[in-house]
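As provided, upload-v1.txt (compact mmCIF, C-alpha atoms) reads as follows.
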# COMPACT_ATOMS: atom_id res chain seq x y z
CA MET A 1 -17.67 -34.95 -31.19
CA ALA A 2 -19.60 -38.06 -32.07
CA ASP A 3 -23.20 -36.82 -32.01
CA TYR A 4 -23.57 -35.50 -35.54
CA THR A 5 -25.92 -36.68 -38.26
CA ILE A 6 -26.67 -34.92 -41.52
CA SER A 7 -30.34 -34.00 -41.47
CA ASP A 8 -32.82 -35.41 -43.94
CA LYS A 9 -33.38 -31.88 -45.24
CA LEU A 10 -29.69 -31.35 -46.01
CA MET A 11 -29.40 -34.81 -47.54
CA ALA A 12 -32.32 -34.01 -49.85
CA ILE A 13 -30.74 -30.71 -50.86
CA ALA A 14 -27.45 -32.49 -51.60
CA VAL A 15 -29.14 -35.15 -53.72
CA ASP A 16 -31.03 -32.47 -55.64
CA GLU A 17 -27.93 -30.35 -56.30
CA ARG A 18 -25.17 -32.98 -56.59
CA GLY A 19 -27.07 -36.09 -57.54
CA THR A 20 -25.61 -37.80 -54.47
CA PRO A 21 -25.04 -36.68 -50.89
CA HIS A 22 -21.42 -37.83 -50.83
CA PRO A 23 -19.54 -36.90 -54.03
CA TRP A 24 -16.33 -38.91 -53.52
CA PRO A 25 -17.00 -42.62 -52.96
CA VAL A 26 -13.29 -43.44 -53.21
CA ILE A 27 -10.46 -41.48 -51.60
CA PRO A 28 -7.06 -42.44 -53.06
CA ALA A 29 -4.87 -42.39 -49.97
CA ASN A 30 -1.70 -41.45 -51.84
CA ARG A 31 -3.41 -38.27 -53.03
CA ALA A 32 -4.96 -37.46 -49.66
CA ILE A 33 -3.82 -35.85 -46.43
CA LEU A 34 -5.27 -35.61 -42.94
CA VAL A 35 -4.89 -32.02 -41.74
CA VAL A 36 -5.14 -31.85 -37.93
CA ILE A 37 -5.80 -28.32 -36.72
CA ASP A 38 -4.75 -26.77 -33.39
CA MET A 39 -4.71 -29.82 -31.11
CA GLN A 40 -2.49 -27.80 -28.78
CA ASN A 41 -2.30 -27.45 -25.03
CA TYR A 42 -3.87 -23.98 -25.16
CA PHE A 43 -7.08 -25.49 -26.54
CA MET A 44 -6.87 -28.87 -24.81
CA ALA A 45 -5.52 -28.50 -21.27
CA PRO A 46 -8.04 -28.36 -18.40
CA GLY A 47 -8.40 -24.79 -17.18
CA SER A 48 -6.66 -23.22 -20.17
CA GLN A 49 -8.25 -20.02 -21.45
CA GLY A 50 -8.86 -21.59 -24.88
CA GLU A 51 -10.04 -24.98 -23.59
CA ALA A 52 -12.80 -26.94 -25.25
CA GLU A 53 -13.36 -30.02 -23.10
CA SER A 54 -14.64 -32.00 -26.07
CA GLY A 55 -11.21 -31.71 -27.68
CA ARG A 56 -9.83 -34.43 -25.43
CA GLU A 57 -12.65 -36.74 -26.52
CA ILE A 58 -11.59 -36.75 -30.19
CA VAL A 59 -7.94 -37.73 -29.67
CA SER A 60 -8.57 -41.46 -30.10
CA SER A 61 -10.52 -40.90 -33.35
CA ILE A 62 -7.78 -38.67 -34.75
CA ASN A 63 -5.09 -41.21 -33.84
CA ARG A 64 -7.12 -43.99 -35.45
CA LEU A 65 -7.65 -42.07 -38.67
CA ALA A 66 -4.01 -40.98 -38.79
CA ALA A 67 -2.93 -44.62 -38.49
CA ALA A 68 -5.29 -45.64 -41.30
CA MET A 69 -3.94 -42.89 -43.52
CA ARG A 70 -0.33 -43.95 -43.00
CA GLU A 71 -1.13 -47.65 -43.51
CA ARG A 72 -2.73 -46.93 -46.87
CA GLY A 73 -0.05 -44.57 -48.17
CA GLY A 74 -1.63 -41.29 -47.11
CA ARG A 75 -0.08 -38.49 -45.10
CA VAL A 76 -0.79 -36.59 -41.90
CA VAL A 77 0.01 -32.96 -41.10
CA TRP A 78 -0.18 -31.41 -37.65
CA VAL A 79 -1.01 -27.70 -37.81
CA GLN A 80 -0.25 -25.44 -34.85
CA THR A 81 -1.23 -21.82 -34.32
CA THR A 82 1.43 -19.43 -33.11
CA THR A 83 1.00 -15.89 -31.87
CA THR A 84 4.67 -15.07 -32.46
CA ASN A 85 4.97 -11.80 -34.42
CA THR A 86 1.20 -11.35 -34.67
CA ARG A 87 0.69 -8.47 -32.23
CA ARG A 88 0.69 -6.00 -35.12
CA SER A 89 0.00 -8.18 -38.13
CA TRP A 90 -3.29 -9.50 -36.63
CA SER A 91 -3.98 -6.86 -34.01
CA VAL A 92 -7.72 -6.87 -34.77
CA ARG A 93 -7.98 -10.41 -33.37
CA HIS A 94 -6.79 -9.18 -30.00
CA GLU A 95 -8.95 -6.07 -30.05
CA LEU A 96 -11.86 -8.52 -29.80
CA LEU A 97 -10.60 -9.65 -26.38
CA SER A 98 -10.12 -7.77 -23.14
CA PRO A 99 -6.50 -6.63 -22.70
CA GLU A 100 -6.00 -9.28 -20.04
CA ARG A 101 -7.35 -12.15 -22.14
CA ALA A 102 -5.50 -10.91 -25.21
CA GLU A 103 -2.20 -10.99 -23.33
CA VAL A 104 -2.85 -14.52 -22.07
CA ARG A 105 -3.54 -15.71 -25.63
CA LEU A 106 -0.51 -13.91 -27.06
CA GLN A 107 1.87 -15.39 -24.50
CA ALA A 108 0.35 -18.87 -24.45
CA MET A 109 1.05 -19.68 -28.08
CA GLU A 110 4.43 -18.08 -28.59
CA PHE A 111 7.00 -20.46 -30.05
CA GLY A 112 8.29 -22.58 -27.17
CA ALA A 113 5.41 -21.82 -24.83
CA ASP A 114 3.57 -24.74 -23.26
CA GLY A 115 0.30 -23.70 -24.86
CA PHE A 116 1.85 -23.93 -28.32
CA ALA A 117 2.83 -27.61 -27.90
CA LEU A 118 0.72 -30.43 -29.26
CA TRP A 119 -1.37 -32.41 -26.79
CA PRO A 120 0.85 -35.25 -25.51
CA THR A 121 -1.46 -38.22 -26.27
CA LEU A 122 -1.62 -37.48 -29.99
CA ASP A 123 0.15 -40.14 -32.05
CA VAL A 124 2.56 -37.89 -33.91
CA ARG A 125 5.06 -39.80 -36.03
CA PRO A 126 8.45 -38.72 -37.48
CA GLU A 127 7.17 -39.12 -41.04
CA ASP A 128 4.31 -36.69 -40.46
CA LEU A 129 4.44 -33.04 -41.52
CA ASN A 130 4.37 -30.15 -39.06
CA ILE A 131 3.06 -26.76 -40.15
CA VAL A 132 2.70 -23.50 -38.23
CA LYS A 133 -0.05 -21.00 -39.04
CA THR A 134 -0.70 -17.49 -37.80
CA LEU A 135 -4.38 -17.03 -38.75
CA TYR A 136 -7.52 -19.08 -38.21
CA SER A 137 -7.25 -20.72 -41.62
CA ALA A 138 -4.15 -22.69 -42.55
CA PHE A 139 -5.07 -21.96 -46.18
CA ALA A 140 -5.39 -18.18 -45.92
CA PRO A 141 -2.76 -16.07 -47.72
CA GLY A 142 0.11 -15.33 -45.38
CA SER A 143 -0.98 -17.83 -42.73
CA SER A 144 1.19 -20.79 -43.77
CA ASP A 145 2.79 -22.44 -46.79
CA LEU A 146 0.49 -25.46 -46.55
CA PRO A 147 -1.48 -24.90 -49.80
CA ALA A 148 1.68 -24.67 -51.90
CA ARG A 149 3.22 -27.73 -50.24
CA LEU A 150 0.11 -29.83 -50.84
CA LYS A 151 -0.14 -28.78 -54.47
CA ASN A 152 3.55 -29.58 -54.94
CA ASP A 153 3.01 -33.05 -53.44
CA GLY A 154 0.08 -33.84 -55.74
CA ILE A 155 -2.53 -33.81 -52.97
CA GLU A 156 -6.14 -33.62 -54.18
CA TYR A 157 -8.13 -34.66 -51.09
CA VAL A 158 -7.97 -32.83 -47.76
CA LEU A 159 -9.48 -34.32 -44.59
CA ILE A 160 -9.98 -31.79 -41.80
CA ALA A 161 -9.80 -32.65 -38.09
CA GLY A 162 -9.14 -30.68 -34.93
CA ILE A 163 -10.44 -27.86 -32.78
CA TYR A 164 -12.60 -25.64 -32.94
CA THR A 165 -15.00 -27.07 -35.55
CA ASN A 166 -16.63 -23.68 -36.13
CA VAL A 167 -13.49 -21.54 -36.08
CA CYS A 168 -10.10 -22.72 -37.35
CA CYS A 169 -11.33 -26.06 -38.71
CA GLN A 170 -14.21 -24.58 -40.68
CA ALA A 171 -12.07 -21.68 -41.89
CA SER A 172 -9.31 -24.07 -43.00
CA ALA A 173 -11.78 -26.44 -44.67
CA GLN A 174 -13.44 -23.65 -46.61
CA GLY A 175 -10.04 -22.30 -47.59
CA ALA A 176 -8.93 -25.73 -48.80
CA MET A 177 -12.00 -26.04 -51.00
CA MET A 178 -11.35 -22.60 -52.47
CA HIS A 179 -7.81 -23.74 -53.29
CA ASN A 180 -9.54 -26.48 -55.33
CA PHE A 181 -8.93 -29.39 -52.96
CA ARG A 182 -11.69 -31.97 -52.53
CA THR A 183 -12.34 -31.32 -48.86
CA ILE A 184 -14.01 -33.43 -46.18
CA MET A 185 -14.62 -32.47 -42.56
CA VAL A 186 -14.44 -35.56 -40.35
CA SER A 187 -17.30 -35.09 -37.90
CA ASP A 188 -16.04 -37.17 -34.96
CA CYS A 189 -12.50 -35.83 -35.39
CA ASN A 190 -13.64 -32.24 -34.87
CA ALA A 191 -14.59 -30.60 -31.58
CA SER A 192 -16.15 -27.33 -30.52
CA SER A 193 -17.34 -25.50 -27.43
CA SER A 194 -20.90 -26.77 -27.87
CA GLN A 195 -22.84 -29.34 -29.85
CA GLU A 196 -24.86 -26.53 -31.43
CA ALA A 197 -21.76 -24.75 -32.76
CA HIS A 198 -20.29 -28.05 -33.98
CA THR A 199 -23.47 -29.02 -35.82
CA ALA A 200 -24.00 -25.60 -37.39
CA ALA A 201 -20.44 -25.51 -38.76
CA LEU A 202 -20.65 -29.00 -40.25
CA ASP A 203 -24.09 -28.35 -41.71
CA ASN A 204 -22.89 -25.17 -43.39
CA PHE A 205 -19.78 -26.84 -44.77
CA PHE A 206 -21.73 -29.83 -46.10
CA GLU A 207 -24.30 -27.65 -47.83
CA TYR A 208 -21.91 -25.25 -49.55
CA PHE A 209 -18.29 -26.41 -49.54
CA GLY A 210 -17.67 -30.15 -49.49
CA ASP A 211 -18.50 -33.33 -47.63
CA VAL A 212 -18.88 -34.40 -44.01
CA LEU A 213 -18.10 -38.00 -43.04
CA ASN A 214 -17.24 -39.76 -39.80
CA THR A 215 -14.05 -41.75 -39.21
CA ASN A 216 -15.56 -45.09 -40.18
CA GLU A 217 -16.96 -43.65 -43.40
CA VAL A 218 -13.62 -42.11 -44.35
CA ILE A 219 -11.68 -45.31 -43.66
CA ALA A 220 -14.18 -47.32 -45.72
CA ARG A 221 -13.50 -45.01 -48.68
CA LEU A 222 -9.70 -44.93 -48.35
CA GLU A 223 -8.09 -46.74 -51.24
CA ALA A 224 -4.57 -47.96 -50.53
CA LYS A 225 -1.80 -47.21 -52.97
CA ARG A 226 -1.32 -50.22 -55.22
CA SER A 227 2.20 -51.54 -55.40
CA THR A 228 3.65 -52.26 -58.82
CA ALA A 229 5.10 -55.76 -59.26
CA ALA A 230 8.74 -55.86 -60.25
CA ALA A 231 9.41 -56.81 -63.85
Could the structure of this file be written out as structure tokens, please?
Amino acid sequence: MADYTISDKLMAIAVDERGTPHPWPVIPANRAILVVIDMQNYFMAPGSQGEAESGREIVSSINRLAAAMRERGGRVVWVQTTTTNTRRSWSVRHELLSPERAEVRLQAMEFGADGFALWPTLDVRPEDLNIVKTLYSAFAPGSSDLPARLKNDGIEYVLIAGIYTNVCCQASAQGAMMHNFRTIMVSDCNASSSQEAHTAALDNFFEYFGDVLNTNEVIARLEAKRSTAAA
């Protein structure tokens, strides 16, 4: 969703507390990863129970940022939610839905179901990573092995994109920060059910957890890996 600007009030708070509103002027691409959350048919397809129409609007921005990451030596990971084997392990989630809606959600994102698949116009490449999570946050204990894999690969910067800004994206971004990753939510690469929810989530993250930048701002900060000349 493109219509997001950090308010003057939040900028002033950031300057007072951090000394600068944006703490990381350079993002070394070889130590960074773009984490794309839940861009799946269940959340993207017209008429789907989980649809957020604005999700389709951010595909071009995500593809553009993913291309910039790869070109500069960074990585991209596509994270998908599955409901497989979660009826008991996360039963509380489905108690918050009517039985009918709970069953639709459970069946839609089973492994192999159409709702589990990534949206077809995403530019997913063979060199990208694919991760499956079972909870809102990809960084929550027991949800996925993403935190361990990123630490093992020497990743220090996490860029968050996807759907919904105020649910799985915010939860994953906050989790990444609490795993000690420098974390940035990319405003125009996130989408929610409303502009109000989108703005509130980004404001909260910016004030307490990390940074919020748009695609152009991220690309301007991406530092390509420098090649070493042969002796």
Quiz item: Which residues, protein or nucleic acid, reach to within 9 Å of (-8.0, -24.0, -32.7) in the file's coordinates when using all atoms listed in the file, and can you give that as a ChimeraX atom specification?
Solution: /A:37-40,42-43,50,80-81,136,162-165,167-169
Exercise. One decimal, Å: what's the distance from CA of Pro25 in chain A over to CA of Tyr208 in chain A, could you say?
Key: 18.4 Å
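Reported to one decimal place, the separation of CA of Met185 in chain A from CA of Val212 in chain A is 4.9 Å.
The residue that comes closest to Arg221 in chain A, out of A:Met44, A:Cys189, A:Val59, A:Ile184 and on the basis of all atoms listed in the file, is A:Ile184.
For Asp145 in chain A, the residues within 12 Å (counting all atoms listed in the file, excluding itself and residues fewer than 3 positions away along the chain) are Val79, Leu129, Asn130, Ile131, Val132, Lys133, Thr134, Ser137, Ala138, Phe139, Ala140, Pro141, Gly142, Ala148, Arg149, Leu150, Lys151 and Asn152 of chain A.
Each of A:Gly154, A:Ser194, A:Ala224, A:Arg105 was checked against Tyr4 in chain A using all atoms listed in the file; the smallest atom-to-atom distance is that of A:Ser194.
Minimum distance to Val26 in chain A across A:Ser61, A:Asn85, A:Arg182, A:Phe206 (counting all atoms listed in the file) occurs at A:Arg182.
Among A:Leu106, A:Val124, A:Val158, A:Ile62, the residue with the shortest atom-to-atom distance to Asn190 in chain A, counting all atoms listed in the file, is A:Ile62.
The environment of Asn41 in chain A within 12 Å, counting only C-alpha atoms and disregarding residues fewer than 5 places along the same chain, consists of A:Pro46, A:Gly47, A:Ser48, A:Gln49, A:Gly50, A:Glu51, A:Ala52, A:Glu53, A:Gly55, A:Arg56, A:Gln80, A:Thr81, A:Thr82, A:Arg105, A:Ala108, A:Met109, A:Gly112, A:Ala113, A:Asp114, A:Gly115, A:Phe116, A:Ala117, A:Leu118, A:Trp119, A:Pro120, A:Thr121, A:Leu122, A:Ile163.
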